[in-house]
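Take a look at the structure below.
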Amino acid sequence: MTNLPQSDPPLLSSPAYKRADSDLDYLQRDELRAVRLQLEWFKPELIQQDEGIESTIVVFGSARLLEPAAAKAKLLIAEEELAASPHDPEKKRGVAIAKNQKAYSPYYQEAREFGRLVSSSCQIDGRRKFVIITGGGPGIMEAANRGAADVKAKSIGLNIALPHEQLPNPYITPELCFQFRYFALRKMHFLNRAKALVVFPGGFGTMDELFETLTLLQTGKVCDVSVVLIGRPFWEDLINWEKFVEYGLIAGEDLQLFHYAETAGEAWNIIMAEHPLEAPS
C-alpha cells in the first residue's frame, strides 16, 4: 500500500473521502430524505427510552399567550401608544388585542398549574409517567414546562426548525429538549406515548394538533387518548361543533371524543378517570 505524502493530502481532503455518516453535505441531499426521517424518529425515541419515559401528556396552546403580569404591561404600553395617536386604527387594534391577551392570560397560570399538578403526582419513585410534553416554545407551552420545573420534574419539548427561528423555552429538561426538521415526525412523537392531549386557547398550530388527534381517534388510528379542551366559552365561541353534526359531516357520537374543563384540577380529574390504571395510587 502506498503511503500518502504528508505535505500534499488532496485525497484526504476530498469530499468523496469523507465517511458517509459524517458527511453533512451528503446527508442533506434530497435523495437522503428517507434516511433523515429515520434519524429524526430514532434520536428522540432512543433518548426517551434511555430516560425511562413511560407515558406523556401533550399540552398545546398559543405561543403568544402571556403570563398575567406581562399581559398587563403590554396593555399599558398599547394604551399609551393609542393615547399619543388616538385616531390611529392600528393603535386601536393593538389595544383591542392586548385587552384580549390580558383576559386570556390566566390560562398561562392554569397551564403552569397543570404541569405542576401532573408532574408532582406522577414522577415519583423514579417513575416517568404522564410526563408533560409541549411544542417547546413560549406561551402556554412554556407555562406547562415551567410547572413541571417548579416541582423539579422532567418535561419534554419538541421544537421545530422554522424560517423565523423558535428558541426552546428555558423550563424544558435539557436532555429532553429536541429539535425537528419535519413536522410529520414531530407529530408522531407527540402522540407516541400520549395518554392525553390538553388544549388551551391557541392559533393555527394548536388547531392543527387538535384536529389531527380528533381525526386519528375518529378513524381508530389511535385509541386511549383523552382530549380535554380548556376554556369552554372560548371553544364554543370559536367553533360551532354542533354544525358539524347538523350538516351530516360527523356523527353525533364524535362529539364525545373530547371533554371540557376550566381548571387544571378539572382536566387532571378527567384524565385520571379515563386512565385509572395509569393514574397514581
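A note on labels: chains of the C-alpha cells are A, B, ... as shown, every chain counts residues from 1, and ligands are counted from 1 in their shown order.
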
Original post:
Which residues, written as a ChimeraX atom specification, have at least one atom at most 8 Å from Pro201 in chain A, with only C-alpha atoms counted and residues fewer than 5 positions away on the same chain left out?
Top reply: /A:61-62,206,230-231,234-235

**OP:** Tell me, as a list of chain:residue names, which residues lie within 6 Å of Ser155 in chain A, counting only C-alpha atoms; anything in the same chain fewer than 6 positions away does not count.
**Re:**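 Using only C-alpha atoms, the neighbours found are A:Val131, A:Ile132, A:Ile133, A:Asn145, A:Ile172, A:Thr173.
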
Residues from last step as file, all heavy atoms, as a JSON list (two decimals), in the first residue's frame:
[["chain", "number", "residue", "atom", "x", "y", "z"],
["A", 131, "VAL", "N", -45.50, 12.27, 31.64],
["A", 131, "VAL", "CA", -44.53, 13.36, 31.53],
["A", 131, "VAL", "C", -45.08, 14.43, 30.60],
["A", 131, "VAL", "O", -45.58, 14.13, 29.51],
["A", 131, "VAL", "CB", -43.18, 12.83, 31.01],
["A", 131, "VAL", "CG1", -42.19, 13.96, 30.81],
["A", 131, "VAL", "CG2", -42.62, 11.79, 31.98],
["A", 132, "ILE", "N", -45.01, 15.68, 31.02],
["A", 132, "ILE", "CA", -45.51, 16.79, 30.20],
["A", 132, "ILE", "C", -44.64, 16.92, 28.95],
["A", 132, "ILE", "O", -43.41, 16.95, 29.02],
["A", 132, "ILE", "CB", -45.49, 18.10, 31.00],
["A", 132, "ILE", "CG1", -46.47, 18.05, 32.18],
["A", 132, "ILE", "CG2", -45.79, 19.29, 30.08],
["A", 132, "ILE", "CD1", -47.92, 17.94, 31.78],
["A", 133, "ILE", "N", -45.33, 17.03, 27.80],
["A", 133, "ILE", "CA", -44.63, 17.22, 26.53],
["A", 133, "ILE", "C", -45.31, 18.36, 25.78],
["A", 133, "ILE", "O", -46.53, 18.39, 25.66],
["A", 133, "ILE", "CB", -44.61, 15.91, 25.70],
["A", 133, "ILE", "CG1", -43.83, 16.10, 24.39],
["A", 133, "ILE", "CG2", -46.00, 15.40, 25.42],
["A", 133, "ILE", "CD1", -43.57, 14.78, 23.66],
["A", 145, "ASN", "N", -44.25, 23.46, 30.73],
["A", 145, "ASN", "CA", -42.89, 23.02, 31.08],
["A", 145, "ASN", "C", -42.44, 23.66, 32.40],
["A", 145, "ASN", "O", -41.79, 23.03, 33.23],
["A", 145, "ASN", "CB", -41.90, 23.40, 29.98],
["A", 145, "ASN", "CG", -42.07, 22.60, 28.71],
["A", 145, "ASN", "OD1", -42.28, 23.17, 27.64],
["A", 145, "ASN", "ND2", -41.98, 21.29, 28.80],
["A", 172, "ILE", "N", -37.69, 23.48, 29.83],
["A", 172, "ILE", "CA", -37.63, 22.10, 29.35],
["A", 172, "ILE", "C", -36.42, 21.41, 29.98],
["A", 172, "ILE", "O", -35.36, 22.02, 30.16],
["A", 172, "ILE", "CB", -37.48, 22.07, 27.81],
["A", 172, "ILE", "CG1", -38.62, 22.85, 27.14],
["A", 172, "ILE", "CG2", -37.42, 20.64, 27.28],
["A", 172, "ILE", "CD1", -38.35, 23.18, 25.69],
["A", 173, "THR", "N", -36.56, 20.15, 30.29],
["A", 173, "THR", "CA", -35.42, 19.37, 30.76],
["A", 173, "THR", "C", -34.39, 19.29, 29.63],
["A", 173, "THR", "O", -34.72, 18.84, 28.52],
["A", 173, "THR", "CB", -35.86, 17.96, 31.17],
["A", 173, "THR", "OG1", -36.85, 18.06, 32.19],
["A", 173, "THR", "CG2", -34.68, 17.13, 31.67]]

Original post:
With only C-alpha atoms as the atoms that count, which of A:Gln179, A:Ser226, A:Thr134, A:Asn159 lies nearest to Val59 in chain A?
Top reply: A:Thr134

Please identify all polymer residues within 8 Å of Ala71 in chain A, counting only C-alpha atoms, omitting same-chain residues fewer than 2 positions from it, and present them as a PDB file with all heavy atoms, in the first residue's frame.
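part17.pdb, written as the output of this step:
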ATOM      1  N   LEU A  66     -49.499  35.410  27.081  1.00  0.00           N
ATOM      2  CA  LEU A  66     -48.537  35.861  28.083  1.00  0.00           C
ATOM      3  C   LEU A  66     -49.021  35.561  29.496  1.00  0.00           C
ATOM      4  O   LEU A  66     -50.218  35.417  29.737  1.00  0.00           O
ATOM      5  CB  LEU A  66     -48.310  37.368  27.945  1.00  0.00           C
ATOM      6  CG  LEU A  66     -47.848  37.866  26.565  1.00  0.00           C
ATOM      7  CD1 LEU A  66     -47.873  39.384  26.523  1.00  0.00           C
ATOM      8  CD2 LEU A  66     -46.457  37.342  26.230  1.00  0.00           C
ATOM      9  N   GLU A  67     -48.074  35.520  30.431  1.00  0.00           N
ATOM     10  CA  GLU A  67     -48.482  35.420  31.820  1.00  0.00           C
ATOM     11  C   GLU A  67     -49.092  36.758  32.243  1.00  0.00           C
ATOM     12  O   GLU A  67     -48.840  37.797  31.620  1.00  0.00           O
ATOM     13  CB  GLU A  67     -47.318  35.021  32.707  1.00  0.00           C
ATOM     14  CG  GLU A  67     -46.131  35.941  32.731  1.00  0.00           C
ATOM     15  CD  GLU A  67     -45.042  35.388  33.650  1.00  0.00           C
ATOM     16  OE1 GLU A  67     -45.366  35.012  34.792  1.00  0.00           O
ATOM     17  OE2 GLU A  67     -43.874  35.331  33.217  1.00  0.00           O
ATOM     18  N   PRO A  68     -49.935  36.762  33.295  1.00  0.00           N
ATOM     19  CA  PRO A  68     -50.721  37.960  33.625  1.00  0.00           C
ATOM     20  C   PRO A  68     -49.920  39.248  33.756  1.00  0.00           C
ATOM     21  O   PRO A  68     -50.340  40.290  33.225  1.00  0.00           O
ATOM     22  CB  PRO A  68     -51.385  37.562  34.947  1.00  0.00           C
ATOM     23  CG  PRO A  68     -51.560  36.090  34.838  1.00  0.00           C
ATOM     24  CD  PRO A  68     -50.333  35.609  34.120  1.00  0.00           C
ATOM     25  N   ALA A  69     -48.801  39.231  34.450  1.00  0.00           N
ATOM     26  CA  ALA A  69     -48.037  40.468  34.641  1.00  0.00           C
ATOM     27  C   ALA A  69     -47.542  41.025  33.312  1.00  0.00           C
ATOM     28  O   ALA A  69     -47.598  42.247  33.068  1.00  0.00           O
ATOM     29  CB  ALA A  69     -46.854  40.204  35.581  1.00  0.00           C
ATOM     30  N   ALA A  73     -48.670  44.568  31.426  1.00  0.00           N
ATOM     31  CA  ALA A  73     -47.687  45.552  30.982  1.00  0.00           C
ATOM     32  C   ALA A  73     -47.833  45.860  29.497  1.00  0.00           C
ATOM     33  O   ALA A  73     -47.728  47.025  29.071  1.00  0.00           O
ATOM     34  CB  ALA A  73     -46.277  45.035  31.274  1.00  0.00           C
ATOM     35  N   LYS A  74     -48.119  44.842  28.707  1.00  0.00           N
ATOM     36  CA  LYS A  74     -48.294  45.043  27.260  1.00  0.00           C
ATOM     37  C   LYS A  74     -49.521  45.901  26.980  1.00  0.00           C
ATOM     38  O   LYS A  74     -49.497  46.750  26.080  1.00  0.00           O
ATOM     39  CB  LYS A  74     -48.417  43.678  26.571  1.00  0.00           C
ATOM     40  CG  LYS A  74     -48.462  43.775  25.051  1.00  0.00           C
ATOM     41  CD  LYS A  74     -48.429  42.398  24.406  1.00  0.00           C
ATOM     42  CE  LYS A  74     -48.428  42.512  22.888  1.00  0.00           C
ATOM     43  NZ  LYS A  74     -48.367  41.174  22.234  1.00  0.00           N
ATOM     44  N   LEU A  75     -50.576  45.702  27.745  1.00  0.00           N
ATOM     45  CA  LEU A  75     -51.785  46.513  27.570  1.00  0.00           C
ATOM     46  C   LEU A  75     -51.508  47.969  27.919  1.00  0.00           C
ATOM     47  O   LEU A  75     -51.961  48.886  27.215  1.00  0.00           O
ATOM     48  CB  LEU A  75     -52.919  45.960  28.431  1.00  0.00           C
ATOM     49  CG  LEU A  75     -54.220  46.780  28.436  1.00  0.00           C
ATOM     50  CD1 LEU A  75     -54.772  46.954  27.028  1.00  0.00           C
ATOM     51  CD2 LEU A  75     -55.258  46.125  29.344  1.00  0.00           C
ATOM     52  N   ALA A  98     -54.468  43.549  22.879  1.00  0.00           N
ATOM     53  CA  ALA A  98     -53.819  43.491  24.189  1.00  0.00           C
ATOM     54  C   ALA A  98     -54.836  43.219  25.294  1.00  0.00           C
ATOM     55  O   ALA A  98     -54.549  42.521  26.266  1.00  0.00           O
ATOM     56  CB  ALA A  98     -53.068  44.785  24.461  1.00  0.00           C
ATOM     57  N   GLN A 101     -55.592  39.541  25.138  1.00  0.00           N
ATOM     58  CA  GLN A 101     -54.480  38.769  25.681  1.00  0.00           C
ATOM     59  C   GLN A 101     -54.448  38.847  27.207  1.00  0.00           C
ATOM     60  O   GLN A 101     -54.144  37.858  27.875  1.00  0.00           O
ATOM     61  CB  GLN A 101     -53.154  39.253  25.095  1.00  0.00           C
ATOM     62  CG  GLN A 101     -52.973  38.867  23.629  1.00  0.00           C
ATOM     63  CD  GLN A 101     -51.599  39.220  23.101  1.00  0.00           C
ATOM     64  OE1 GLN A 101     -51.048  40.258  23.443  1.00  0.00           O
ATOM     65  NE2 GLN A 101     -51.052  38.361  22.259  1.00  0.00           N
ATOM     66  N   LYS A 102     -54.788  40.002  27.745  1.00  0.00           N
ATOM     67  CA  LYS A 102     -54.853  40.131  29.203  1.00  0.00           C
ATOM     68  C   LYS A 102     -55.991  39.282  29.766  1.00  0.00           C
ATOM     69  O   LYS A 102     -55.843  38.632  30.807  1.00  0.00           O
ATOM     70  CB  LYS A 102     -55.042  41.592  29.600  1.00  0.00           C
ATOM     71  CG  LYS A 102     -55.076  41.825  31.114  1.00  0.00           C
ATOM     72  CD  LYS A 102     -55.165  43.307  31.426  1.00  0.00           C
ATOM     73  CE  LYS A 102     -55.183  43.534  32.937  1.00  0.00           C
ATOM     74  NZ  LYS A 102     -56.401  43.011  33.579  1.00  0.00           N
ATOM     75  N   SER A 105     -54.863  35.729  29.784  1.00  0.00           N
ATOM     76  CA  SER A 105     -53.592  35.441  30.452  1.00  0.00           C
ATOM     77  C   SER A 105     -53.710  34.500  31.649  1.00  0.00           C
ATOM     78  O   SER A 105     -52.736  33.790  31.946  1.00  0.00           O
ATOM     79  CB  SER A 105     -52.901  36.741  30.876  1.00  0.00           C
ATOM     80  OG  SER A 105     -53.673  37.439  31.848  1.00  0.00           O
TER      81      SER A 105
END

Original post:
Which residue gives the smallest distance to His189 in chain A among A:Leu214, A:Pro9, A:Pro15, A:Leu158, with only C-alpha atoms counted?
Top reply: A:Leu158

Extract, using only C-alpha atoms, all DNA, RNA and protein residues at most 12 Å from Cys122 in chain A, discarding same-chain residues fewer than 3 positions from it, and format them as an mmCIF file with all heavy atoms, in the first residue's frame.
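So the final result, stored in part_33.cif, reads:
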data_model
loop_
_atom_site.group_PDB
_atom_site.id
_atom_site.type_symbol
_atom_site.label_atom_id
_atom_site.label_comp_id
_atom_site.auth_asym_id
_atom_site.auth_seq_id
_atom_site.Cartn_x
_atom_site.Cartn_y
_atom_site.Cartn_z
ATOM 1 N N ILE A 53 -39.013 7.278 29.890
ATOM 2 C CA ILE A 53 -40.311 7.930 29.705
ATOM 3 C C ILE A 53 -41.352 6.863 29.352
ATOM 4 O O ILE A 53 -41.303 6.247 28.286
ATOM 5 C CB ILE A 53 -40.251 8.991 28.588
ATOM 6 C CG1 ILE A 53 -39.121 9.986 28.837
ATOM 7 C CG2 ILE A 53 -41.597 9.702 28.473
ATOM 8 C CD1 ILE A 53 -39.216 10.750 30.116
ATOM 9 N N GLU A 54 -42.292 6.644 30.249
ATOM 10 C CA GLU A 54 -43.303 5.606 30.052
ATOM 11 C C GLU A 54 -44.530 6.119 29.306
ATOM 12 O O GLU A 54 -45.061 5.449 28.413
ATOM 13 C CB GLU A 54 -43.730 5.037 31.406
ATOM 14 C CG GLU A 54 -42.610 4.360 32.184
ATOM 15 C CD GLU A 54 -43.094 3.821 33.511
ATOM 16 O OE1 GLU A 54 -44.216 3.285 33.579
ATOM 17 O OE2 GLU A 54 -42.360 3.939 34.506
ATOM 18 N N SER A 55 -45.014 7.274 29.697
ATOM 19 C CA SER A 55 -46.203 7.847 29.068
ATOM 20 C C SER A 55 -46.121 9.359 29.175
ATOM 21 O O SER A 55 -45.352 9.904 29.974
ATOM 22 C CB SER A 55 -47.484 7.333 29.743
ATOM 23 O OG SER A 55 -47.475 7.625 31.133
ATOM 24 N N THR A 56 -46.910 10.048 28.348
ATOM 25 C CA THR A 56 -46.844 11.507 28.306
ATOM 26 C C THR A 56 -48.240 12.113 28.272
ATOM 27 O O THR A 56 -49.229 11.442 27.958
ATOM 28 C CB THR A 56 -46.079 11.999 27.064
ATOM 29 O OG1 THR A 56 -46.740 11.532 25.882
ATOM 30 C CG2 THR A 56 -44.639 11.510 27.078
ATOM 31 N N ILE A 57 -48.309 13.397 28.595
ATOM 32 C CA ILE A 57 -49.497 14.213 28.367
ATOM 33 C C ILE A 57 -49.063 15.405 27.529
ATOM 34 O O ILE A 57 -48.160 16.150 27.912
ATOM 35 C CB ILE A 57 -50.135 14.692 29.678
ATOM 36 C CG1 ILE A 57 -50.714 13.503 30.439
ATOM 37 C CG2 ILE A 57 -51.236 15.718 29.394
ATOM 38 C CD1 ILE A 57 -51.377 13.877 31.752
ATOM 39 N N GLY A 115 -49.073 21.557 34.684
ATOM 40 C CA GLY A 115 -47.758 20.923 34.626
ATOM 41 C C GLY A 115 -47.256 20.546 36.005
ATOM 42 O O GLY A 115 -46.669 19.469 36.194
ATOM 43 N N ARG A 116 -47.478 21.409 36.971
ATOM 44 C CA ARG A 116 -47.037 21.136 38.343
ATOM 45 C C ARG A 116 -47.827 19.987 38.949
ATOM 46 O O ARG A 116 -47.249 19.065 39.552
ATOM 47 C CB ARG A 116 -47.222 22.386 39.208
ATOM 48 C CG ARG A 116 -46.699 22.251 40.631
ATOM 49 C CD ARG A 116 -47.339 23.241 41.573
ATOM 50 N NE ARG A 116 -48.757 22.973 41.753
ATOM 51 C CZ ARG A 116 -49.244 21.999 42.519
ATOM 52 N NH1 ARG A 116 -48.435 21.189 43.186
ATOM 53 N NH2 ARG A 116 -50.555 21.820 42.616
ATOM 54 N N LEU A 117 -49.148 20.022 38.773
ATOM 55 C CA LEU A 117 -50.023 19.018 39.380
ATOM 56 C C LEU A 117 -49.733 17.620 38.836
ATOM 57 O O LEU A 117 -49.564 16.655 39.601
ATOM 58 C CB LEU A 117 -51.484 19.399 39.121
ATOM 59 C CG LEU A 117 -52.573 18.468 39.641
ATOM 60 C CD1 LEU A 117 -52.497 18.341 41.154
ATOM 61 C CD2 LEU A 117 -53.947 18.989 39.214
ATOM 62 N N VAL A 118 -49.662 17.495 37.530
ATOM 63 C CA VAL A 118 -49.421 16.195 36.906
ATOM 64 C C VAL A 118 -48.036 15.671 37.265
ATOM 65 O O VAL A 118 -47.864 14.502 37.646
ATOM 66 C CB VAL A 118 -49.575 16.294 35.377
ATOM 67 C CG1 VAL A 118 -49.153 14.994 34.705
ATOM 68 C CG2 VAL A 118 -51.010 16.646 35.006
ATOM 69 N N SER A 119 -47.034 16.530 37.165
ATOM 70 C CA SER A 119 -45.658 16.093 37.383
ATOM 71 C C SER A 119 -45.415 15.687 38.825
ATOM 72 O O SER A 119 -44.727 14.697 39.100
ATOM 73 C CB SER A 119 -44.685 17.204 36.976
ATOM 74 O OG SER A 119 -44.859 17.540 35.608
ATOM 75 N N ASP A 125 -40.833 8.077 42.862
ATOM 76 C CA ASP A 125 -40.096 6.809 42.977
ATOM 77 C C ASP A 125 -39.346 6.461 41.694
ATOM 78 O O ASP A 125 -39.234 5.297 41.309
ATOM 79 C CB ASP A 125 -41.052 5.665 43.340
ATOM 80 C CG ASP A 125 -41.731 5.883 44.694
ATOM 81 O OD1 ASP A 125 -41.078 6.489 45.565
ATOM 82 O OD2 ASP A 125 -42.887 5.464 44.848
ATOM 83 N N GLY A 126 -38.864 7.502 41.012
ATOM 84 C CA GLY A 126 -38.074 7.272 39.807
ATOM 85 C C GLY A 126 -38.879 6.946 38.571
ATOM 86 O O GLY A 126 -38.304 6.721 37.503
ATOM 87 N N ARG A 127 -40.209 6.905 38.674
ATOM 88 C CA ARG A 127 -41.034 6.616 37.500
ATOM 89 C C ARG A 127 -41.191 7.850 36.643
ATOM 90 O O ARG A 127 -41.161 8.983 37.137
ATOM 91 C CB ARG A 127 -42.434 6.131 37.934
ATOM 92 C CG ARG A 127 -42.441 4.869 38.782
ATOM 93 C CD ARG A 127 -41.980 3.638 38.030
ATOM 94 N NE ARG A 127 -42.824 3.301 36.909
ATOM 95 C CZ ARG A 127 -43.931 2.536 36.997
ATOM 96 N NH1 ARG A 127 -44.311 2.062 38.178
ATOM 97 N NH2 ARG A 127 -44.640 2.254 35.928
ATOM 98 N N ARG A 128 -41.387 7.663 35.370
ATOM 99 C CA ARG A 128 -41.581 8.769 34.433
ATOM 100 C C ARG A 128 -42.899 8.541 33.694
ATOM 101 O O ARG A 128 -42.923 8.226 32.516
ATOM 102 C CB ARG A 128 -40.413 8.832 33.445
ATOM 103 C CG ARG A 128 -39.061 9.094 34.087
ATOM 104 C CD ARG A 128 -38.894 10.539 34.511
ATOM 105 N NE ARG A 128 -37.584 10.747 35.117
ATOM 106 C CZ ARG A 128 -37.376 10.828 36.419
ATOM 107 N NH1 ARG A 128 -38.400 10.706 37.261
ATOM 108 N NH2 ARG A 128 -36.169 11.040 36.899
ATOM 109 N N LYS A 129 -44.003 8.706 34.420
ATOM 110 C CA LYS A 129 -45.335 8.526 33.843
ATOM 111 C C LYS A 129 -46.003 9.888 33.660
ATOM 112 O O LYS A 129 -45.800 10.806 34.444
ATOM 113 C CB LYS A 129 -46.192 7.644 34.759
ATOM 114 C CG LYS A 129 -45.629 6.252 34.981
ATOM 115 C CD LYS A 129 -46.445 5.460 35.981
ATOM 116 C CE LYS A 129 -47.825 5.133 35.463
ATOM 117 N NZ LYS A 129 -48.546 4.213 36.377
ATOM 118 N N PHE A 130 -46.825 9.986 32.608
ATOM 119 C CA PHE A 130 -47.568 11.218 32.328
ATOM 120 C C PHE A 130 -46.631 12.425 32.287
ATOM 121 O O PHE A 130 -46.931 13.476 32.852
ATOM 122 C CB PHE A 130 -48.668 11.436 33.368
ATOM 123 C CG PHE A 130 -49.851 10.519 33.231
ATOM 124 C CD1 PHE A 130 -50.656 10.235 34.318
ATOM 125 C CD2 PHE A 130 -50.163 9.926 32.021
ATOM 126 C CE1 PHE A 130 -51.757 9.386 34.205
ATOM 127 C CE2 PHE A 130 -51.248 9.082 31.888
ATOM 128 C CZ PHE A 130 -52.046 8.810 32.993
ATOM 129 N N VAL A 131 -45.499 12.274 31.640
ATOM 130 C CA VAL A 131 -44.531 13.361 31.532
ATOM 131 C C VAL A 131 -45.084 14.434 30.595
ATOM 132 O O VAL A 131 -45.583 14.129 29.508
ATOM 133 C CB VAL A 131 -43.181 12.826 31.010
ATOM 134 C CG1 VAL A 131 -42.187 13.962 30.808
ATOM 135 C CG2 VAL A 131 -42.619 11.790 31.978
ATOM 136 N N ILE A 132 -45.012 15.680 31.021
ATOM 137 C CA ILE A 132 -45.512 16.785 30.201
ATOM 138 C C ILE A 132 -44.642 16.920 28.952
ATOM 139 O O ILE A 132 -43.413 16.951 29.023
ATOM 140 C CB ILE A 132 -45.489 18.105 30.997
ATOM 141 C CG1 ILE A 132 -46.470 18.046 32.181
ATOM 142 C CG2 ILE A 132 -45.795 19.291 30.083
ATOM 143 C CD1 ILE A 132 -47.925 17.940 31.779
ATOM 144 N N ALA A 148 -43.788 21.845 35.474
ATOM 145 C CA ALA A 148 -43.005 20.649 35.792
ATOM 146 C C ALA A 148 -41.693 21.035 36.476
ATOM 147 O O ALA A 148 -41.275 20.404 37.454
ATOM 148 C CB ALA A 148 -42.734 19.845 34.527
ATOM 149 N N VAL A 151 -41.604 21.741 40.271
ATOM 150 C CA VAL A 151 -41.507 20.626 41.232
ATOM 151 C C VAL A 151 -40.318 19.726 40.903
ATOM 152 O O VAL A 151 -40.265 18.573 41.290
ATOM 153 C CB VAL A 151 -42.822 19.815 41.261
ATOM 154 C CG1 VAL A 151 -43.957 20.652 41.835
ATOM 155 C CG2 VAL A 151 -43.199 19.302 39.870
ATOM 156 N N ALA A 153 -39.397 18.273 38.238
ATOM 157 C CA ALA A 153 -39.724 17.089 37.440
ATOM 158 C C ALA A 153 -39.236 17.289 36.005
ATOM 159 O O ALA A 153 -38.991 18.412 35.564
ATOM 160 C CB ALA A 153 -41.225 16.834 37.458
ATOM 161 N N LYS A 154 -39.126 16.198 35.287
ATOM 162 C CA LYS A 154 -38.710 16.257 33.888
ATOM 163 C C LYS A 154 -39.897 16.630 33.000
ATOM 164 O O LYS A 154 -41.049 16.304 33.297
ATOM 165 C CB LYS A 154 -38.138 14.917 33.445
ATOM 166 C CG LYS A 154 -36.804 14.565 34.098
ATOM 167 C CD LYS A 154 -36.294 13.221 33.597
ATOM 168 C CE LYS A 154 -34.983 12.839 34.269
ATOM 169 N NZ LYS A 154 -33.848 13.636 33.797
ATOM 170 N N SER A 155 -39.606 17.299 31.916
ATOM 171 C CA SER A 155 -40.615 17.570 30.888
ATOM 172 C C SER A 155 -39.916 17.653 29.541
ATOM 173 O O SER A 155 -38.705 17.884 29.460
ATOM 174 C CB SER A 155 -41.400 18.848 31.179
ATOM 175 O OG SER A 155 -40.588 20.001 31.000
ATOM 176 N N TRP A 268 -57.197 17.328 35.077
ATOM 177 C CA TRP A 268 -56.483 16.190 35.646
ATOM 178 C C TRP A 268 -57.453 15.135 36.143
ATOM 179 O O TRP A 268 -57.218 13.930 35.981
ATOM 180 C CB TRP A 268 -55.559 16.675 36.740
ATOM 181 C CG TRP A 268 -54.684 15.653 37.398
ATOM 182 C CD1 TRP A 268 -54.420 15.541 38.728
ATOM 183 C CD2 TRP A 268 -53.919 14.602 36.779
ATOM 184 N NE1 TRP A 268 -53.552 14.506 38.985
ATOM 185 C CE2 TRP A 268 -53.228 13.911 37.790
ATOM 186 C CE3 TRP A 268 -53.756 14.195 35.455
ATOM 187 C CZ2 TRP A 268 -52.401 12.825 37.532
ATOM 188 C CZ3 TRP A 268 -52.928 13.109 35.193
ATOM 189 C CH2 TRP A 268 -52.263 12.438 36.230
ATOM 190 N N MET A 272 -57.498 11.216 34.899
ATOM 191 C CA MET A 272 -57.380 10.117 35.860
ATOM 192 C C MET A 272 -58.581 9.183 35.781
ATOM 193 O O MET A 272 -58.434 7.962 35.909
ATOM 194 C CB MET A 272 -57.211 10.658 37.276
ATOM 195 C CG MET A 272 -55.836 11.243 37.561
ATOM 196 S SD MET A 272 -55.552 11.515 39.332
ATOM 197 C CE MET A 272 -56.774 12.782 39.652
ATOM 198 N N GLU A 278 -53.374 3.910 34.959
ATOM 199 C CA GLU A 278 -52.180 4.716 34.809
ATOM 200 C C GLU A 278 -52.052 5.758 35.903
ATOM 201 O O GLU A 278 -50.966 6.243 36.201
ATOM 202 C CB GLU A 278 -52.208 5.454 33.440
ATOM 203 C CG GLU A 278 -52.155 4.535 32.253
ATOM 204 C CD GLU A 278 -50.745 4.035 31.966
ATOM 205 O OE1 GLU A 278 -49.786 4.648 32.474
ATOM 206 O OE2 GLU A 278 -50.608 3.048 31.246
ATOM 207 N N ALA A 279 -53.200 6.119 36.510
ATOM 208 C CA ALA A 279 -53.209 7.208 37.485
ATOM 209 C C ALA A 279 -52.436 6.799 38.730
ATOM 210 O O ALA A 279 -52.366 5.610 39.085
ATOM 211 C CB ALA A 279 -54.638 7.581 37.847
ATOM 212 N N PRO A 280 -51.850 7.784 39.418
ATOM 213 C CA PRO A 280 -51.106 7.466 40.642
ATOM 214 C C PRO A 280 -52.024 6.927 41.725
ATOM 215 O O PRO A 280 -53.185 7.319 41.828
ATOM 216 C CB PRO A 280 -50.511 8.820 41.056
ATOM 217 C CG PRO A 280 -51.397 9.836 40.417
ATOM 218 C CD PRO A 280 -51.859 9.217 39.126
ATOM 219 N N SER A 281 -51.515 5.975 42.518
ATOM 220 C CA SER A 281 -52.323 5.385 43.579
ATOM 221 C C SER A 281 -52.339 6.275 44.803
ATOM 222 O O SER A 281 -51.496 7.129 44.974
ATOM 223 C CB SER A 281 -51.740 4.023 43.953
ATOM 224 O OG SER A 281 -50.389 4.136 44.329
#

**OP:** DSSP on the backbone, then: every residue of range 99-185 of chain A marked alpha helix (DSSP H), written as number ranges by chain.
**Re:** A: 99-104, 106-122, 140-150, 183-185

Original post:
So, counting only C-alpha atoms, which residue among A:Glu45, A:Leu12, A:Ile270, A:Leu37 is closest to Leu191 in chain A?
Top reply: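 For Leu191 in chain A, the nearest of the candidates is A:Glu45.
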
**OP:** Any chance you could list, as a list in words, the residues in range 160-234 of chain A that come up strand (DSSP E or B) when DSSP is run on the backbone?
**Re:** Ile160, Cys177, Phe178, Gln179, Phe180, Ala194, Lys195, Ala196, Leu197, Val198, Val199, Ser226, Val227, Val228, Leu229 and Ile230 of chain A

Subject >> Atomic separation - CA of Asn192 in chain A relative to CA of Pro44 in chain A, Å >> reply: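 CA of Asn192 in chain A lies 11.0 Å from CA of Pro44 in chain A.
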
Original post:
With only C-alpha atoms as the atoms that count, which of A:Leu32, A:Leu46, A:Ala194, A:Ala184 lies nearest to Val225 in chain A?
Top reply: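 Of the candidates, the smallest distance to Val225 in chain A is held by A:Ala194.
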